[in-house]
file model00.tsv (TSV, C-alpha atoms)
chain	number	residue	atom	x	y	z
A	1	MET	CA	16.87	15.26	3.15
A	2	LYS	CA	17.33	16.21	-0.47
A	3	LYS	CA	19.54	13.21	-1.09
A	4	LEU	CA	16.59	10.97	-0.25
A	5	LEU	CA	14.60	12.42	-3.14
A	6	LEU	CA	14.64	11.83	-6.82
A	7	ALA	CA	14.19	15.09	-8.70
A	8	ALA	CA	10.49	15.53	-9.23
A	9	VAL	CA	10.63	15.65	-13.00
A	10	ALA	CA	14.20	15.40	-14.24
A	11	ALA	CA	15.02	12.14	-12.45
A	12	GLY	CA	11.47	10.87	-11.91
A	13	ALA	CA	10.02	8.20	-14.16
A	14	VAL	CA	7.94	9.89	-16.85
A	15	CYS	CA	5.52	8.55	-19.45
A	16	ALA	CA	4.30	11.04	-22.04
A	17	ALA	CA	1.57	10.65	-24.61
A	18	GLY	CA	2.23	10.15	-28.29
A	19	SER	CA	2.20	13.05	-30.72
A	20	LEU	CA	-0.76	15.41	-30.29
A	21	PRO	CA	-2.04	18.38	-32.27
A	22	ALA	CA	-0.20	21.55	-31.33
A	23	SER	CA	-3.48	23.02	-30.05
A	24	ALA	CA	-4.20	20.13	-27.66
A	25	LYS	CA	-3.90	20.92	-23.96
A	26	THR	CA	-1.52	18.56	-22.20
A	27	TYR	CA	-1.07	17.96	-18.46
A	28	ARG	CA	1.66	16.65	-16.16
A	29	PHE	CA	0.22	14.69	-13.24
A	30	ALA	CA	2.49	13.41	-10.47
A	31	ILE	CA	2.00	10.23	-8.50
A	32	VAL	CA	3.92	10.29	-5.20
A	33	PRO	CA	4.36	6.95	-3.37
A	34	LYS	CA	5.44	6.63	0.24
A	35	SER	CA	8.75	5.27	-1.05
A	36	LEU	CA	10.32	4.40	-4.36
A	37	ASN	CA	12.04	1.27	-3.01
A	38	ASN	CA	8.75	-0.52	-2.24
A	39	PRO	CA	7.89	-2.87	-5.14
A	40	TYR	CA	4.19	-2.54	-4.36
A	41	PHE	CA	4.27	1.02	-5.70
A	42	ASP	CA	5.89	-0.11	-8.94
A	43	LEU	CA	2.47	-1.45	-9.87
A	44	ALA	CA	0.81	1.90	-9.17
A	45	ARG	CA	3.45	3.52	-11.37
A	46	ASP	CA	2.73	1.05	-14.17
A	47	GLY	CA	-1.00	1.72	-13.97
A	48	CYS	CA	-0.39	5.46	-13.99
A	49	MET	CA	1.82	5.32	-17.05
A	50	ALA	CA	-0.44	2.97	-18.99
A	51	GLU	CA	-3.43	5.22	-18.36
A	52	ALA	CA	-1.46	8.35	-19.31
A	53	LYS	CA	-0.60	6.74	-22.62
A	54	LYS	CA	-4.22	5.76	-23.15
A	55	LEU	CA	-5.53	9.25	-22.37
A	56	GLY	CA	-3.10	10.81	-24.84
A	57	ASN	CA	-2.89	14.28	-23.30
A	58	VAL	CA	-1.39	13.33	-19.93
A	59	THR	CA	2.17	12.74	-18.73
A	60	CYS	CA	2.64	10.58	-15.65
A	61	VAL	CA	5.44	11.79	-13.36
A	62	TYR	CA	6.43	9.17	-10.77
A	63	THR	CA	8.54	10.62	-7.98
A	64	GLY	CA	8.98	10.46	-4.21
A	65	PRO	CA	11.34	9.61	-1.36
A	66	VAL	CA	13.63	6.66	-1.98
A	67	ASN	CA	12.87	5.36	1.52
A	68	GLN	CA	9.73	6.02	3.53
A	69	ASP	CA	10.22	9.42	5.14
A	70	ALA	CA	7.28	11.70	5.88
A	71	ALA	CA	9.38	14.88	5.77
A	72	ALA	CA	10.93	13.85	2.46
A	73	GLU	CA	7.48	13.19	1.05
A	74	VAL	CA	6.38	16.70	2.03
A	75	GLN	CA	9.49	18.10	0.35
A	76	THR	CA	8.69	16.13	-2.81
A	77	ILE	CA	5.23	17.69	-2.93
A	78	GLN	CA	6.63	21.16	-2.32
A	79	ASP	CA	9.10	20.67	-5.17
A	80	LEU	CA	6.25	19.65	-7.47
A	81	ILE	CA	4.31	22.80	-6.54
A	82	THR	CA	7.38	24.92	-7.29
A	83	ARG	CA	7.78	23.25	-10.67
A	84	GLY	CA	4.17	23.99	-11.58
A	85	ILE	CA	2.85	20.43	-11.83
A	86	ASP	CA	-0.76	20.19	-13.04
A	87	GLY	CA	-2.01	17.69	-10.44
A	88	ILE	CA	-0.75	15.47	-7.62
A	89	ALA	CA	-1.79	12.05	-6.29
A	90	ILE	CA	-0.17	11.10	-2.96
A	91	SER	CA	0.12	7.87	-0.98
A	92	VAL	CA	0.37	9.55	2.41
A	93	ALA	CA	3.02	8.37	4.85
A	94	ASP	CA	1.84	10.64	7.68
A	95	ALA	CA	-1.66	12.09	7.48
A	96	GLY	CA	-0.81	15.00	9.76
A	97	SER	CA	2.40	16.08	8.07
A	98	VAL	CA	0.92	16.64	4.60
A	99	GLN	CA	-1.97	18.91	5.57
A	100	ARG	CA	-0.13	22.21	5.08
A	101	VAL	CA	1.60	21.28	1.84
A	102	ILE	CA	-1.67	19.98	0.37
A	103	ALA	CA	-3.30	23.27	1.32
A	104	ARG	CA	-0.46	25.12	-0.42
A	105	ALA	CA	-0.95	23.08	-3.57
A	106	ARG	CA	-4.67	23.75	-3.59
A	107	HIS	CA	-4.04	27.47	-3.03
A	108	ALA	CA	-1.78	27.37	-6.09
A	109	GLY	CA	-4.65	25.93	-8.13
A	110	ILE	CA	-3.23	22.40	-8.28
A	111	PRO	CA	-5.73	19.52	-7.88
A	112	VAL	CA	-4.65	17.09	-5.16
A	113	ILE	CA	-5.96	13.61	-4.43
A	114	THR	CA	-4.70	10.74	-2.32
A	115	PHE	CA	-4.30	7.12	-3.38
A	116	ASP	CA	-3.53	3.97	-1.40
A	117	ALA	CA	-3.18	5.91	1.89
A	118	ASP	CA	-5.46	8.82	2.73
A	119	ALA	CA	-5.28	12.09	4.66
A	120	PRO	CA	-9.01	12.63	5.26
A	121	LYS	CA	-8.59	15.81	7.32
A	122	SER	CA	-6.56	17.53	4.62
A	123	ALA	CA	-7.76	19.60	1.66
A	124	ARG	CA	-7.36	16.70	-0.74
A	125	GLN	CA	-10.27	16.46	-3.17
A	126	ALA	CA	-10.64	12.68	-3.44
A	127	TYR	CA	-9.23	9.36	-2.27
A	128	VAL	CA	-8.73	6.44	-4.66
A	129	GLY	CA	-7.72	3.16	-3.10
A	130	THR	CA	-8.52	0.28	-0.82
A	131	ASN	CA	-11.23	0.03	1.80
A	132	ASN	CA	-8.60	-0.61	4.44
A	133	MET	CA	-10.95	-1.56	7.27
A	134	GLN	CA	-12.40	-4.23	4.99
A	135	LEU	CA	-8.92	-5.45	4.06
A	136	GLY	CA	-8.07	-5.97	7.72
A	137	GLN	CA	-11.35	-7.74	8.36
A	138	GLU	CA	-10.83	-10.08	5.42
A	139	LEU	CA	-7.30	-10.88	6.58
A	140	ALA	CA	-8.69	-11.85	9.98
A	141	GLN	CA	-11.43	-13.96	8.40
A	142	GLN	CA	-8.79	-15.96	6.56
A	143	VAL	CA	-6.95	-16.51	9.85
A	144	VAL	CA	-10.13	-17.86	11.43
A	145	LYS	CA	-10.71	-20.20	8.46
A	146	LEU	CA	-7.18	-21.55	8.65
A	147	HIS	CA	-7.08	-21.77	12.46
A	148	PRO	CA	-10.68	-22.23	13.74
A	149	ALA	CA	-9.69	-22.52	17.41
A	150	PRO	CA	-8.99	-19.06	18.92
A	151	GLY	CA	-5.36	-18.43	19.75
A	152	SER	CA	-2.88	-15.59	20.09
A	153	TYR	CA	-1.91	-13.28	17.25
A	154	ALA	CA	0.42	-10.45	16.33
A	155	MET	CA	0.50	-7.94	13.50
A	156	VAL	CA	3.32	-6.32	11.56
A	157	SER	CA	2.52	-2.83	10.27
A	158	GLY	CA	4.48	-0.21	8.34
A	159	GLY	CA	4.52	3.41	9.48
A	160	PRO	CA	2.77	4.25	12.77
A	161	ALA	CA	1.29	7.47	11.31
A	162	ALA	CA	-0.16	5.88	8.15
A	163	GLU	CA	-3.95	6.20	8.15
A	164	ASN	CA	-4.49	3.22	5.84
A	165	LEU	CA	-2.45	0.84	7.97
A	166	ALA	CA	-4.15	1.93	11.20
A	167	GLN	CA	-7.49	1.08	9.59
A	168	ARG	CA	-6.24	-2.39	8.63
A	169	VAL	CA	-5.05	-3.00	12.18
A	170	ASP	CA	-8.50	-1.99	13.43
A	171	GLY	CA	-10.12	-4.36	10.94
A	172	VAL	CA	-8.03	-7.33	12.07
A	173	ARG	CA	-8.82	-6.61	15.70
A	174	ASP	CA	-12.51	-6.18	14.96
A	175	VAL	CA	-12.81	-9.76	13.72
A	176	LEU	CA	-10.23	-11.65	15.77
A	177	ASN	CA	-11.00	-10.12	19.16
A	178	LYS	CA	-14.71	-10.82	18.69
A	179	ALA	CA	-13.82	-14.42	17.80
A	180	GLY	CA	-11.97	-14.89	21.10
A	181	TRP	CA	-8.41	-14.34	19.89
A	182	LYS	CA	-5.85	-12.50	22.02
A	183	GLU	CA	-3.37	-9.97	20.65
A	184	VAL	CA	0.08	-10.30	22.24
A	185	ALA	CA	2.01	-7.48	23.84
A	186	GLY	CA	4.11	-5.48	21.42
A	187	SER	CA	1.69	-5.90	18.53
A	188	PRO	CA	1.63	-4.33	16.05
A	189	THR	CA	5.27	-3.82	15.26
A	190	PHE	CA	6.22	-1.08	12.80
A	191	CYS	CA	8.76	-1.86	10.06
A	192	ASN	CA	8.45	1.47	8.19
A	193	ASP	CA	7.71	-0.47	4.98
A	194	ASP	CA	11.14	-2.12	5.06
A	195	SER	CA	11.24	-5.79	4.09
A	196	ALA	CA	14.30	-6.76	6.13
A	197	THR	CA	12.95	-5.05	9.23
A	198	GLY	CA	9.58	-6.72	8.76
A	199	ILE	CA	10.98	-10.25	8.60
A	200	GLN	CA	13.21	-9.54	11.62
A	201	GLN	CA	10.15	-8.39	13.55
A	202	MET	CA	8.33	-11.61	12.66
A	203	THR	CA	11.33	-13.55	13.96
A	204	ASP	CA	11.41	-11.50	17.15
A	205	LEU	CA	7.68	-12.03	17.69
A	206	MET	CA	8.14	-15.79	17.50
A	207	THR	CA	11.08	-15.62	19.90
A	208	GLY	CA	9.03	-13.63	22.40
A	209	HIS	CA	5.86	-15.67	21.90
A	210	PRO	CA	6.81	-19.20	20.78
A	211	ASP	CA	3.19	-20.39	21.00
A	212	LEU	CA	1.89	-17.65	18.68
A	213	SER	CA	-0.99	-18.92	16.53
A	214	ALA	CA	-1.01	-16.27	13.79
A	215	ILE	CA	1.12	-13.48	12.38
A	216	VAL	CA	-0.71	-10.95	10.21
A	217	PRO	CA	1.41	-8.48	8.23
A	218	VAL	CA	-1.09	-5.77	7.23
A	219	GLY	CA	1.24	-4.98	4.32
A	220	GLY	CA	3.33	-7.53	2.47
A	221	TRP	CA	6.78	-6.16	3.44
A	222	PRO	CA	8.14	-9.24	5.29
A	223	LEU	CA	7.18	-11.44	2.33
A	224	PHE	CA	8.61	-9.30	-0.47
A	225	THR	CA	12.06	-10.95	-0.26
A	226	GLN	CA	11.35	-14.58	-0.97
A	227	ALA	CA	14.67	-15.98	0.28
A	228	ALA	CA	14.36	-14.19	3.62
A	229	PHE	CA	10.81	-15.37	4.17
A	230	HIS	CA	11.74	-18.93	3.16
A	231	SER	CA	14.35	-18.91	5.92
A	232	PHE	CA	11.65	-17.86	8.41
A	233	TYR	CA	9.41	-20.65	7.10
A	234	GLN	CA	12.15	-23.26	7.47
A	235	THR	CA	12.65	-22.27	11.09
A	236	HIS	CA	8.93	-22.64	11.83
A	237	LYS	CA	8.12	-25.30	9.23
A	238	SER	CA	6.64	-27.79	11.68
A	239	ALA	CA	4.21	-25.25	13.15
A	240	ILE	CA	3.19	-23.80	9.76
A	241	ASP	CA	2.81	-27.17	8.02
A	242	GLY	CA	0.88	-28.54	10.99
A	243	GLY	CA	-1.53	-25.61	11.05
A	244	LYS	CA	-0.42	-24.40	14.47
A	245	LEU	CA	0.98	-21.16	13.06
A	246	VAL	CA	-0.83	-19.20	10.34
A	247	VAL	CA	0.67	-16.40	8.25
A	248	ALA	CA	-1.94	-14.30	6.44
A	249	SER	CA	-0.73	-11.14	4.73
A	250	ALA	CA	-1.83	-8.20	2.65
A	251	ASP	CA	-0.75	-7.78	-0.99
A	252	THR	CA	-0.21	-10.20	-3.85
A	253	LEU	CA	3.22	-9.49	-5.29
A	254	PRO	CA	4.88	-12.35	-7.23
A	255	ALA	CA	7.09	-13.39	-4.31
A	256	GLU	CA	4.03	-13.65	-2.07
A	257	LEU	CA	2.13	-15.73	-4.60
A	258	ALA	CA	5.07	-18.12	-4.82
A	259	GLU	CA	5.06	-18.42	-1.01
A	260	VAL	CA	1.37	-19.36	-1.01
A	261	GLN	CA	1.96	-21.89	-3.77
A	262	ALA	CA	4.80	-23.42	-1.73
A	263	GLY	CA	2.57	-23.70	1.35
A	264	GLU	CA	4.61	-21.22	3.35
A	265	VAL	CA	1.82	-18.61	3.60
A	266	GLY	CA	-1.81	-19.44	4.28
A	267	ALA	CA	-3.63	-16.59	2.56
A	268	LEU	CA	-3.23	-13.18	0.97
A	269	ILE	CA	-5.64	-10.29	0.62
A	270	GLY	CA	-4.49	-8.37	-2.41
A	271	GLN	CA	-4.97	-4.76	-3.37
A	272	GLN	CA	-5.07	-3.37	-6.89
A	273	PRO	CA	-2.34	-0.71	-7.04
A	274	ALA	CA	-2.27	-0.61	-10.85
A	275	ALA	CA	-5.95	0.29	-10.84
A	276	MET	CA	-5.21	3.01	-8.26
A	277	GLY	CA	-2.52	4.52	-10.47
A	278	ALA	CA	-4.80	4.52	-13.51
A	279	LYS	CA	-7.78	5.92	-11.64
A	280	ALA	CA	-5.59	8.65	-10.14
A	281	MET	CA	-4.84	9.94	-13.65
A	282	ASP	CA	-8.54	9.86	-14.62
A	283	THR	CA	-9.56	11.66	-11.43
A	284	LEU	CA	-6.94	14.40	-11.74
A	285	LEU	CA	-7.91	14.99	-15.37
A	286	ALA	CA	-11.58	15.28	-14.42
A	287	LEU	CA	-10.70	17.78	-11.67
A	288	LYS	CA	-8.57	19.76	-14.11
A	289	HIS	CA	-11.60	20.01	-16.39
A	290	GLY	CA	-13.78	21.20	-13.50
A	291	LYS	CA	-15.81	18.02	-13.31
A	292	HIS	CA	-17.34	16.46	-10.22
A	293	VAL	CA	-15.51	13.38	-8.88
A	294	GLN	CA	-16.38	10.87	-6.17
A	295	LYS	CA	-14.92	11.88	-2.82
A	296	ILE	CA	-14.08	8.25	-2.00
A	297	GLU	CA	-13.57	5.62	-4.68
A	298	TYR	CA	-12.59	2.12	-3.64
A	299	VAL	CA	-10.88	-0.37	-5.92
A	300	GLY	CA	-11.42	-4.07	-5.28
A	301	LEU	CA	-9.70	-6.71	-3.17
A	302	ASP	CA	-8.45	-10.17	-4.16
A	303	THR	CA	-8.38	-13.21	-1.88
A	304	VAL	CA	-5.62	-15.69	-2.68
A	305	THR	CA	-5.28	-19.14	-1.10
A	306	LYS	CA	-3.71	-22.43	-2.18
A	307	ASP	CA	-6.98	-23.20	-4.02
A	308	ASN	CA	-6.69	-20.31	-6.52
A	309	VAL	CA	-3.06	-19.18	-6.38
A	310	ALA	CA	-2.21	-20.81	-9.71
A	311	GLN	CA	-4.79	-18.59	-11.42
A	312	PHE	CA	-3.22	-15.45	-9.98
A	313	MET	CA	0.28	-16.56	-10.90
A	314	LYS	CA	-0.81	-16.89	-14.52
A	315	GLN	CA	-2.06	-13.31	-14.41

call {"tool": "encode", "arguments": {"input": "model00.tsv", "output": "C-alpha cells"}}
result
Amino acid sequence: MKKLLLAAVAAGAVCAAGSLPASAKTYRFAIVPKSLNNPYFDLARDGCMAEAKKLGNVTCVYTGPVNQDAAAEVQTIQDLITRGIDGIAISVADAGSVQRVIARARHAGIPVITFDADAPKSARQAYVGTNNMQLGQELAQQVVKLHPAPGSYAMVSGGPAAENLAQRVDGVRDVLNKAGWKEVAGSPTFCNDDSATGIQQMTDLMTGHPDLSAIVPVGGWPLFTQAAFHSFYQTHKSAIDGGKLVVASADTLPAELAEVQAGEVGALIGQQPAAMGAKAMDTLLALKHGKHVQKIEYVGLDTVTKDNVAQFMKQ
C-alpha cells in the first residue's frame, strides 16, 4: 500500500509563502485528492497553491494515492496526522472508510474539511465543492436539449462508494426518468476514475446496446485522453453527427473542450476545482483561528456547448 503513496510532505507538491516576520504564525494545510494521476485534481492543486501564496502564512501540501484507492487515502491521512499537519482537506473516495481517520485527526486538534467529494456522516467540519445533485440534473437537461425524443441512456461513474458521484447519478435519473427515458441494464458502470477503463466501458455499452441514445459520464474520465475518445467518436461518427447518440459529460478539462469544439461531444457541465482548492485553504485557516465557517459551501458550475466553447478555450 505504501508504494501507492507519495510521502505526505517530503515527496508531496508544496507551495510555501514568501518571507514572513519571524513572529508570524505559519500553517501547513494538506489537500488530499482521490488520486494524483487524475488531471482534474491538478486544478485543485493549482488553486490551493495560488491561494497559499496569496495568504502569505500558509503552505499548501498536495499529497495522496497515485491511483484511486480508499485504503491508501486513509493511510495518507494517517501519515499527515502523524507528521503534525495543521489542517486537512480531503476529496473522499469512500465516505465510510474515512470516518475513523477523520475522527482521529479531529481528536488530535487538526481541522478537517472535505472538498469535491464529501463524507457527510463523518466529523468533518465543512464541505467545499459542487452541488452534485444539481450537476447531474444539468447534465440530463443538456441530453434532453440535444435529443428531445426520449430514448435509452447509460452512465459511466467512477468509484461506487463516492458520495459525490452517487449524487450525480441520482440527478441524471431524476431528470431523464421523469422525461420518459429508460436507463439500460448495467448502468452505471464504474471506472474507478481511470480514463482507459472509462472509454472501454463506453465502447462496451455501445456493443451491448447499439441503439443507445445517450451516454453520460458523470465525471470526465473517458474524455481525458483525446486520442482514445476520438477513436470512439470515429466508430460512432454517423450516430453522433446525426444526433442519434449524445455524449454529455461532467468536467471541462482542455481535452474535453477540444472534443466539444470538434463536434464529438454535445455538452459539458464543468466544475471549478481551482476554486475548491483555494477555498479549502481559506476555510482551514478560518477554522485554525477559531472562526465560524459555512458547513456547506458550493462553488459554481459551467455549461459548455458548441455555442460558447471558444470562450472557455480562451480561458

call {"tool": "residues_near_point", "arguments": {"input": "model00.tsv", "point": "(-5.6, -2.8, -7.3)", "cutoff": "9 Å", "atoms": "all atoms listed in the file", "output": "list in words"}}
result
Leu43, Ala44, Gly129, Thr130, Gly270, Gln271, Gln272, Pro273, Ala274, Ala275, Met276, Gly277, Val299, Gly300, Leu301 and Asp302 of chain A

call {"tool": "residues_around", "arguments": {"input": "model00.tsv", "residues": "stretch 164-177 of chain A", "least_positions_apart": "6", "cutoff": "6 Å", "atoms": "all atoms listed in the file", "output": "mmCIF file with C-alpha atoms, in the frame of the given file"}}
result
data_model
loop_
_atom_site.group_PDB
_atom_site.id
_atom_site.type_symbol
_atom_site.label_atom_id
_atom_site.label_comp_id
_atom_site.auth_asym_id
_atom_site.auth_seq_id
_atom_site.Cartn_x
_atom_site.Cartn_y
_atom_site.Cartn_z
ATOM 1 C CA ALA A 117 -3.180 5.910 1.890
ATOM 2 C CA ASN A 132 -8.600 -0.610 4.440
ATOM 3 C CA MET A 133 -10.950 -1.560 7.270
ATOM 4 C CA GLY A 136 -8.070 -5.970 7.720
ATOM 5 C CA GLN A 137 -11.350 -7.740 8.360
ATOM 6 C CA ALA A 140 -8.690 -11.850 9.980
#

call {"tool": "residues_around", "arguments": {"input": "model00.tsv", "residues": "A:Thr303", "least_positions_apart": "4", "cutoff": "10 Å", "atoms": "all atoms listed in the file", "output": "NGL selection string"}}
result
:A and (135 or 138-139 or 142 or 250-252 or 267-271 or 308-309 or 312)

call {"tool": "residues_around", "arguments": {"input": "model00.tsv", "residues": "A:Trp221", "least_positions_apart": "3", "cutoff": "7 Å", "atoms": "all atoms listed in the file", "output": "VMD selection string"}}
result
chain A and resid 193 to 195 198 224

call {"tool": "residues_around", "arguments": {"input": "model00.tsv", "residues": "A:Ser97", "least_positions_apart": "6", "cutoff": "8 Å", "atoms": "all atoms listed in the file", "output": "compact mmCIF listing (two decimals) with C-alpha atoms, in the frame of the given file"}}
result
# COMPACT_ATOMS: atom_id res chain seq x y z
CA ALA A 70 7.28 11.70 5.88
CA ALA A 71 9.38 14.88 5.77
CA VAL A 74 6.38 16.70 2.03

call {"tool": "closest_residue", "arguments": {"input": "model00.tsv", "among": "A:Gln99, A:Ser249, A:Ser231, A:Ser152", "to": "A:Thr203", "atoms": "all atoms listed in the file"}}
result
A:Ser231
